[in-house]
Each structure stands twice: as C-alpha cells, then as structure tokens.
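Asker: Below: one structure in structure tokens.
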Amino acid sequence: MADNLELFNSHQEDVRRRADSLVRAIFILAGGTLTLSIGIFTKATAPKLNETLACILKGSWWSLFIAIVLFVLALATIIARDYAFGEKWRMQINGKLNETSRPVWVEVVIWSFAILGLISFLFGLLGQAYVATSLV
C-alpha cells in the first residue's frame, strides 16, 4: 500500500510540474506575442491593414489577453482549493473532522478555466499567424 501511495504522489508531482511548465510557456508566448504585435501595429510606421485583418488582429489580442486571465484564474482557484483541502486535512489530523473530500465543482471550474484558456490562446496565436501571413 505504501508503494502505491508513493507512486501516486510521484505521479501527481510529475503532472503538476508539467502543468506548471505548460502554463509558464503560455504566459511567456501570449505575453510576448501581445507585446511584439501591439508594438508593431500601433506605431506610426505600422503596416496598413484592411478592415478584416484589423478585426482579426484585435480579436487575437483579446484572445491572448483572455487566455492569460483564464490561466491566472485557474491557478488562483487551484491555490484556493489546495489551501482549503490542507485546512480540512489539518482539522482531520487534530480530530475535528472525519472526512477530507474535495468538492467536485471546484475541479469543474479549474478545468473550465484551463480548457477555455487553452482554446483562447490557440485562437489568439492563429489570428496572429493569419494576419502575419496575409501581409507577406
């Protein structure tokens, strides 16, 4: 039983490290793309865009921004969930609580933020790529 618990904990740590790496990469890519793109397209010497490309570009900026916000909300929810779980666990250790279950709705919220954030990130990058290739 102890071996299974160690394997489970090791697996959870590995998943958490991978998720952290993915979120960091998305923050860097989304933030860098926003910074470069806004810098290029808002200066006086910016390439001229037709109305459709300008709309796609603005939409991609919003998508990237929304992706960042959704991943921040997902991480904040994970921290709040883990804190609450730790407090319940502490109460159980002290004999003040019999059970340490986590509410399922929190998991749904976290996954919703993460999936919507990933979709928004992909749409933002796709919009940026479309505008860039349309100008060449």
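Note on naming: chains are A, B, ... as they come in the structure tokens, residues start from 1 per chain, ligands start from 1 in the order shown.
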With only C-alpha atoms as the counted atoms, please give the residues lying no more than 12 Å from Ala54 in chain A, apart from itself and same-chain residues fewer than 4 positions off, as an MDAnalysis selection string.

Answerer: chainID A and resid 37:38 41:42 46:50 58:61 127:128 130:132 134:135

Asker: What parts of range 14-117 of chain A does DSSP call helix (DSSP H, G or I)? I'd like the answer as a VMD selection string.

Answerer: chain A and resid 14 to 41 51 to 93 104 to 117

Asker: Please produce a file of the residues just selected, as a short mmCIF file (atom, residue, chain, number, x, y, z; two decimals), in the first residue's frame, where the atoms kept are C-alpha atoms.

Answerer:
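To be explicit, this is the file written out as selection-v1.cif:
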data_model
loop_
_atom_site.label_atom_id
_atom_site.label_comp_id
_atom_site.auth_asym_id
_atom_site.auth_seq_id
_atom_site.Cartn_x
_atom_site.Cartn_y
_atom_site.Cartn_z
CA ASP A 14 5.03 14.98 -12.29
CA VAL A 15 1.63 16.10 -13.59
CA ARG A 16 1.85 19.29 -11.55
CA ARG A 17 5.34 20.06 -12.93
CA ARG A 18 4.14 19.53 -16.49
CA ALA A 19 1.08 21.71 -15.95
CA ASP A 20 3.24 24.45 -14.43
CA SER A 21 5.60 24.27 -17.41
CA LEU A 22 2.72 24.49 -19.87
CA VAL A 23 1.15 27.46 -18.10
CA ARG A 24 4.52 29.26 -17.91
CA ALA A 25 5.07 28.67 -21.62
CA ILE A 26 1.61 30.03 -22.44
CA PHE A 27 2.21 33.11 -20.26
CA ILE A 28 5.52 33.76 -22.00
CA LEU A 29 4.20 33.15 -25.51
CA ALA A 30 0.96 35.07 -25.04
CA GLY A 31 2.63 37.99 -23.27
CA GLY A 32 5.49 38.16 -25.75
CA THR A 33 3.16 37.92 -28.73
CA LEU A 34 0.95 40.67 -27.34
CA THR A 35 3.93 42.92 -26.62
CA LEU A 36 5.52 42.48 -30.04
CA SER A 37 2.31 42.63 -32.02
CA ILE A 38 0.89 45.66 -30.28
CA GLY A 39 4.26 47.38 -30.60
CA ILE A 40 4.45 46.68 -34.33
CA PHE A 41 0.87 47.51 -35.26
CA GLU A 51 -10.74 46.18 -42.14
CA THR A 52 -10.94 42.38 -41.97
CA LEU A 53 -7.30 41.93 -40.96
CA ALA A 54 -7.57 44.73 -38.39
CA CYS A 55 -10.61 42.99 -36.87
CA ILE A 56 -8.79 39.63 -36.77
CA LEU A 57 -5.73 41.27 -35.21
CA LYS A 58 -7.78 42.97 -32.48
CA GLY A 59 -9.65 39.72 -31.83
CA SER A 60 -6.38 37.84 -31.49
CA TRP A 61 -5.12 40.43 -29.00
CA TRP A 62 -8.26 39.96 -26.92
CA SER A 63 -7.98 36.17 -27.19
CA LEU A 64 -4.40 36.23 -25.91
CA PHE A 65 -5.33 38.59 -23.07
CA ILE A 66 -8.32 36.45 -22.11
CA ALA A 67 -6.11 33.33 -22.16
CA ILE A 68 -3.74 34.95 -19.67
CA VAL A 69 -6.64 35.97 -17.42
CA LEU A 70 -8.21 32.50 -17.56
CA PHE A 71 -4.94 30.78 -16.65
CA VAL A 72 -4.41 33.22 -13.76
CA LEU A 73 -7.94 32.40 -12.54
CA ALA A 74 -7.24 28.66 -12.90
CA LEU A 75 -4.04 28.94 -10.86
CA ALA A 76 -5.73 31.08 -8.21
CA THR A 77 -8.55 28.53 -7.94
CA ILE A 78 -6.02 25.69 -7.61
CA ILE A 79 -4.28 27.55 -4.79
CA ALA A 80 -7.58 28.24 -3.01
CA ARG A 81 -8.67 24.60 -3.45
CA ASP A 82 -5.39 23.25 -2.12
CA TYR A 83 -5.44 25.64 0.84
CA ALA A 84 -8.97 24.57 1.76
CA PHE A 85 -8.00 20.92 1.36
CA GLY A 86 -4.98 21.45 3.63
CA GLU A 87 -7.14 23.10 6.27
CA LYS A 88 -9.62 20.20 6.18
CA TRP A 89 -6.73 17.77 6.41
CA ARG A 90 -5.30 19.65 9.40
CA MET A 91 -8.69 19.52 11.11
CA GLN A 92 -8.90 15.78 10.45
CA ILE A 93 -5.42 15.23 11.91
CA VAL A 104 -16.25 18.26 -7.47
CA TRP A 105 -17.47 21.69 -8.62
CA VAL A 106 -14.04 23.20 -7.91
CA GLU A 107 -12.45 20.68 -10.27
CA VAL A 108 -15.02 21.59 -12.94
CA VAL A 109 -14.22 25.31 -12.51
CA ILE A 110 -10.46 24.67 -12.76
CA TRP A 111 -10.81 22.52 -15.87
CA SER A 112 -13.21 25.03 -17.42
CA PHE A 113 -10.77 27.90 -16.90
CA ALA A 114 -7.89 25.80 -18.25
CA ILE A 115 -9.69 24.49 -21.34
CA LEU A 116 -11.18 27.87 -22.22
CA GLY A 117 -7.77 29.47 -21.64
#
